[in-house]
Amino acid sequence: MKEWSDEELDKLFRASAEEFEAEYQPSDWQSLRRRLDEADGVAGGGWLKSMAPWVAGVLLLLLGGMGVHFYGNEAGIRRERAIVSASEKGGGKPDARTARPPGAAFSKSEAGETDENVESKPQSVRIKGKKAQEIAAAPEVAEKKKELPRNPVSVSGVRKPTDPERRSEKGAVLLLKKALTRVDEKARNTESMEEKLSELAKRSALRERASDDEFRSLLPALTKLASRATLPMRSAISYPAVAYAQPAVAVAPKPEESIPKWSVRLGLAPDLSMAGTSEMTSSIKPGSSASLLVDVNVRKRWVIQTGVIMSLKNYVAMGGEYTWPSEWKYKQIQRPNSVDGSCRVIEIPLNIRFDIRQSPTSRWFVGAGVSSYNLLKEKYEFNYDSYDPKTVMYGYSYNEKLWAILCHANASVGYERRLTQRLSILAEPYVRIPLRKLGVGQVNLFTGGVWFSVRYTPVFRR
Amino acid sequence: MSEHNSAAILELLDGCLQGNRRSQELLYKQFYGYAMKLCMRYARNEEEAKEILNDGFFKVFTKLETYDMKRPFKTWMGRVMINTALDQYRREAKHQVYEDIRSAENMVVDETAVSRITHQELLELVQQLPPAYRTVFSLAVLDGYTHEEIADELEISVGASKSNLSRARGKLREMLAKVSRQEHERMVR
């Protein structure tokens with residue numbers, strides 16, 4: 001009979017682990033094979049799934065590109081057709097805004113048809129005159145114009161908003177009537193013609209449609225007008241007068257200097273807490289903190305800051321750094337070698353900040369102050385170097401929500417970068433130095449971290 | 001050719017890289033015993049060990065391209081198995097309740113009786129440990145991890161790792177004493 005030492009015990013179990021032999025089970029392979037087969041199927045689907053957004057994007061780009069390409073070509077063709085149609089069917093000068101053709105047509109319209117130019121370029125006038133003569137000689141041409149597509153731009157399947165008057169089956173007639181209303185007074189030197197033209201102008205303005213009879217009655221006048229049409233179109237068109245009053249030059253008021261009286265900031269930070277400086281205390285995972293703070297400007301560079309910080313603090317305390325509660329004194333003789341602690345804390349800081357360097361877009365600052373903690377939940381796990389069967393305390397949690405007033409001193413330095421007039425981002429390394437011991441275990445809890453915050457600053461004016 | 005891996009293993013690995021089921025089956029069969037030996041240390045029973053084993057082999061087959069052929073395959077595969085077992089432990093650790101050790105009245109062990117306990121039975125004692133103790137004991141004693149490595153793997157402090165190992169040993173001594181007493185009584189009869 002003997003009590004086994006650690007080494008003997010380890011050797012015994014190490015040998016048993018090494019000697020263990022497991023017999024191959026084909027059913028285990030079958031199970032894995034099914035899983036691999038499924039994964040292969042899913043893998044294909046997964047590949048497709050992962051590629052789907054890219055494929056969709058490429059397809060959309062292709063479709064969009066094709067659409068732009070074909071639509072662009074078609075629109076160009078339609079414009080060219082409209083120009084040719086207008087010039088062939090006596091529409092006169094095409095509307096430069098909607099039917100400016102590339103190449104020759106463009107240069108023609110850009111040429112500037114002044115009186116002098118008319119002499120050198122009488123083509124458009126000649127066309128107009130010729131067409132007018134054709135209209136006069138063959139009334140059926142006017143009838144033919146009725147058969148124009150009611151909405152030429154929709155022929156290829158794409159509709160474009162057009163002049164509603166052009167949608168009329170008498171669109172060509174109306175266009176002609178409009179053109180006539182713009183003819184210079186010199187071109188309308190007979191009384192009867194003036195009367196009829198003014199009447200037509202009125203009707204045109206009222207968007208009335210001229211009947212075929214009216215059109216026929218106008219034909220002699222039009223013929224006469226066309227034969228006299230030696231005036232350039234530019235001079236024949238009367239433009240509406242635009243009244244423009246020069247505004248009084250107002251001196252813009254100088255913007256008042258904005259004074260941010262207060263601001264709020266939301267922040268997140270890792271919480272690196274420790275109860276000592278030994279190597280072991282750094283082996284625990286970090287906690288986290290979130291803050292909602294209010295900054296109140298008391299002077300140009302001085303700010304008072306307060307708010308709420310929620311933290312989860314994880315730390316390790318060595319045996320000597322943790323105070324064994326007196327009420328447990330007689331529970332067990334053995335004391336823990338170390339304690340893994342964690343606690344949820346609501347922190348109320350009261351800090352003063354001083355801007356050591358300010359610029360319109362950034363500032364450097366330092367801060368200092370004190371904090372009070374409300375310990376929401378304390379949790380301790382006790383670690384022992386050796387096993388004692390009489391040891392009963394392996395862990396403990398405490399939910400008394402104790403307040404520790406002004407228990408920590410704060411210090412920080414930070415940099416703020418302004419994004420907009422009201423928003424800025426901050427990075428602020430900080431430390432919390434214990435002024436008094438904390439919690440059931442009465443540990444001196446040091447905390448460090450870096451605040452990453454967003455600040456909102458309302459703008460006030462004097 | 002790698003000095004650590006035989007030509008046959010390299011050929012199987014090549015087939016596995018191409019997704020050849022036959023190669024995968026042969027490799028699985030070849031290392032089944034070794035992998036199962038590792039998994040049994042971290043599982044609470046054989047069924048769970050098989051689950052870890054197949055999870056581990058699934059990773060081996062699907063991530064074989066990450067394996068460096070110049071290194072021993074057996075070591076790499078063993079590492080994958082242990083990591084898979086630790087993943088399983090981390091998942092379950094979230095749902096574990098606090099388990100304490102009841103103190104034993106008598107921890108004296110009969111050596112003769114212990115010598116009659118099979119390796120299988122001893123391994124079962126390890127499996128009966130609470131998960132936190134079992135994992136630390138297996139990592140530290142059976143697979144030779146340091147406390148720093150264990151603390152890093154299990155996201156606990158070094159102190160907690162040492163403490164868990166100490167408790168695991170204490171618990172094993174208790175169980176060993178109990179088993180040896182039963183064995184002694186059986187021998188006396």
# chains A, B, ... in the order shown; residues from 1 in each chain; ligands from 1

call {"tool": "residues_around", "arguments": {"residues": "Gln88 (chain B)", "least_positions_apart": "4", "cutoff": "8 Å", "atoms": "only C-alpha atoms", "output": "list in words"}}
result
Ile52, Thr84 and Glu92 of chain B

call {"tool": "closest_atom_pairs", "arguments": {"of": "chain B", "to": "chain A", "cutoff": "8 Å", "atoms": "only C-alpha atoms", "output": "JSON lines"}}
result
{"residue": "B:Arg21", "atom": "CA", "partner": "A:Arg33", "partner_atom": "CA", "distance": 7.8}
{"residue": "B:Glu25", "atom": "CA", "partner": "A:Trp29", "partner_atom": "CA", "distance": 6.9}
{"residue": "B:Tyr28", "atom": "CA", "partner": "A:Trp29", "partner_atom": "CA", "distance": 7.4}
{"residue": "B:Lys29", "atom": "CA", "partner": "A:Tyr24", "partner_atom": "CA", "distance": 6.7}
{"residue": "B:Tyr32", "atom": "CA", "partner": "A:Tyr24", "partner_atom": "CA", "distance": 6.3}
{"residue": "B:Gly33", "atom": "CA", "partner": "A:Ala22", "partner_atom": "CA", "distance": 5.0}
{"residue": "B:Tyr34", "atom": "CA", "partner": "A:Glu21", "partner_atom": "CA", "distance": 7.9}
{"residue": "B:Met36", "atom": "CA", "partner": "A:Ala22", "partner_atom": "CA", "distance": 6.3}
{"residue": "B:Lys37", "atom": "CA", "partner": "A:Phe20", "partner_atom": "CA", "distance": 6.3}
{"residue": "B:Arg41", "atom": "CA", "partner": "A:Ala17", "partner_atom": "CA", "distance": 7.3}
{"residue": "B:Lys50", "atom": "CA", "partner": "A:Asp28", "partner_atom": "CA", "distance": 7.5}
{"residue": "B:Asn54", "atom": "CA", "partner": "A:Leu32", "partner_atom": "CA", "distance": 6.0}
{"residue": "B:Phe58", "atom": "CA", "partner": "A:Leu32", "partner_atom": "CA", "distance": 7.2}
{"residue": "B:Asp100", "atom": "CA", "partner": "A:Tyr394", "partner_atom": "CA", "distance": 7.5}
{"residue": "B:Arg102", "atom": "CA", "partner": "A:Pro389", "partner_atom": "CA", "distance": 7.5}
{"residue": "B:Ser103", "atom": "CA", "partner": "A:Pro389", "partner_atom": "CA", "distance": 4.6}
{"residue": "B:Ala104", "atom": "CA", "partner": "A:Pro389", "partner_atom": "CA", "distance": 6.8}
{"residue": "B:Met107", "atom": "CA", "partner": "A:Glu3", "partner_atom": "CA", "distance": 6.7}
{"residue": "B:Val108", "atom": "CA", "partner": "A:Glu3", "partner_atom": "CA", "distance": 5.0}
{"residue": "B:Val109", "atom": "CA", "partner": "A:Lys2", "partner_atom": "CA", "distance": 5.6}
{"residue": "B:Asp110", "atom": "CA", "partner": "A:Met1", "partner_atom": "CA", "distance": 4.6}
{"residue": "B:Glu111", "atom": "CA", "partner": "A:Met1", "partner_atom": "CA", "distance": 6.3}
{"residue": "B:Thr118", "atom": "CA", "partner": "A:Ser16", "partner_atom": "CA", "distance": 7.8}
{"residue": "B:His119", "atom": "CA", "partner": "A:Ser16", "partner_atom": "CA", "distance": 4.4}
{"residue": "B:Gln120", "atom": "CA", "partner": "A:Phe20", "partner_atom": "CA", "distance": 6.4}
{"residue": "B:Leu122", "atom": "CA", "partner": "A:Ser16", "partner_atom": "CA", "distance": 6.3}
{"residue": "B:Leu123", "atom": "CA", "partner": "A:Ala17", "partner_atom": "CA", "distance": 6.3}
{"residue": "B:Val141", "atom": "CA", "partner": "A:Asp10", "partner_atom": "CA", "distance": 6.1}
{"residue": "B:Leu142", "atom": "CA", "partner": "A:Arg14", "partner_atom": "CA", "distance": 5.4}
{"residue": "B:Ala151", "atom": "CA", "partner": "A:Ser283", "partner_atom": "CA", "distance": 7.6}
{"residue": "B:Asp152", "atom": "CA", "partner": "A:Ser283", "partner_atom": "CA", "distance": 7.9}
{"residue": "B:Glu155", "atom": "CA", "partner": "A:Lys285", "partner_atom": "CA", "distance": 6.8}
{"residue": "B:Ile156", "atom": "CA", "partner": "A:Ile284", "partner_atom": "CA", "distance": 6.3}
{"residue": "B:Ser157", "atom": "CA", "partner": "A:Ile284", "partner_atom": "CA", "distance": 5.4}
{"residue": "B:Val158", "atom": "CA", "partner": "A:Met280", "partner_atom": "CA", "distance": 6.7}
{"residue": "B:Gly159", "atom": "CA", "partner": "A:Asn383", "partner_atom": "CA", "distance": 5.8}
{"residue": "B:Ala160", "atom": "CA", "partner": "A:Asn383", "partner_atom": "CA", "distance": 5.4}
{"residue": "B:Lys162", "atom": "CA", "partner": "A:Asp385", "partner_atom": "CA", "distance": 6.3}
{"residue": "B:Ser163", "atom": "CA", "partner": "A:Asn383", "partner_atom": "CA", "distance": 4.7}
{"residue": "B:Asn164", "atom": "CA", "partner": "A:Asn383", "partner_atom": "CA", "distance": 7.6}
{"residue": "B:Ser166", "atom": "CA", "partner": "A:Tyr387", "partner_atom": "CA", "distance": 5.4}
{"residue": "B:Arg167", "atom": "CA", "partner": "A:Tyr387", "partner_atom": "CA", "distance": 5.7}
{"residue": "B:Arg169", "atom": "CA", "partner": "A:Asp6", "partner_atom": "CA", "distance": 7.2}
{"residue": "B:Gly170", "atom": "CA", "partner": "A:Tyr387", "partner_atom": "CA", "distance": 5.8}
{"residue": "B:Arg173", "atom": "CA", "partner": "A:Trp4", "partner_atom": "CA", "distance": 7.4}

call {"tool": "closest_residue", "arguments": {"among": "A:Val440, A:Leu423, A:Val58, A:Leu293", "to": "Ala404 (chain A)", "atoms": "only C-alpha atoms"}}
result
A:Val440

call {"tool": "atom_distance", "arguments": {"atom1": "CA of Leu10 (chain B)", "atom2": "CA of Gln24 (chain B)"}}
result
12.0 Å

call {"tool": "atom_distance", "arguments": {"atom1": "CA of Phe446 (chain A)", "atom2": "CA of Leu375 (chain A)"}}
result
15.0 Å

call {"tool": "residues_around", "arguments": {"residues": "Arg265 (chain A)", "least_positions_apart": "4", "cutoff": "7 Å", "atoms": "only C-alpha atoms", "output": "list in words"}}
result
Leu292, Leu293, Val294, Ser453, Val454, Arg455 and Tyr456 of chain A

call {"tool": "select_by_dssp", "arguments": {"residues": "region 22-184 of chain B", "states": "helix (DSSP H, G or I)", "output": "MDAnalysis selection string"}}
result
chainID B and resid 22:42 46:62 64:66 73:93 111:115 119:127 131:142 147:154 158:184

call {"tool": "atom_distance", "arguments": {"atom1": "CA of Ser289 (chain A)", "atom2": "CA of Ala132 (chain B)"}}
result
28.5 Å
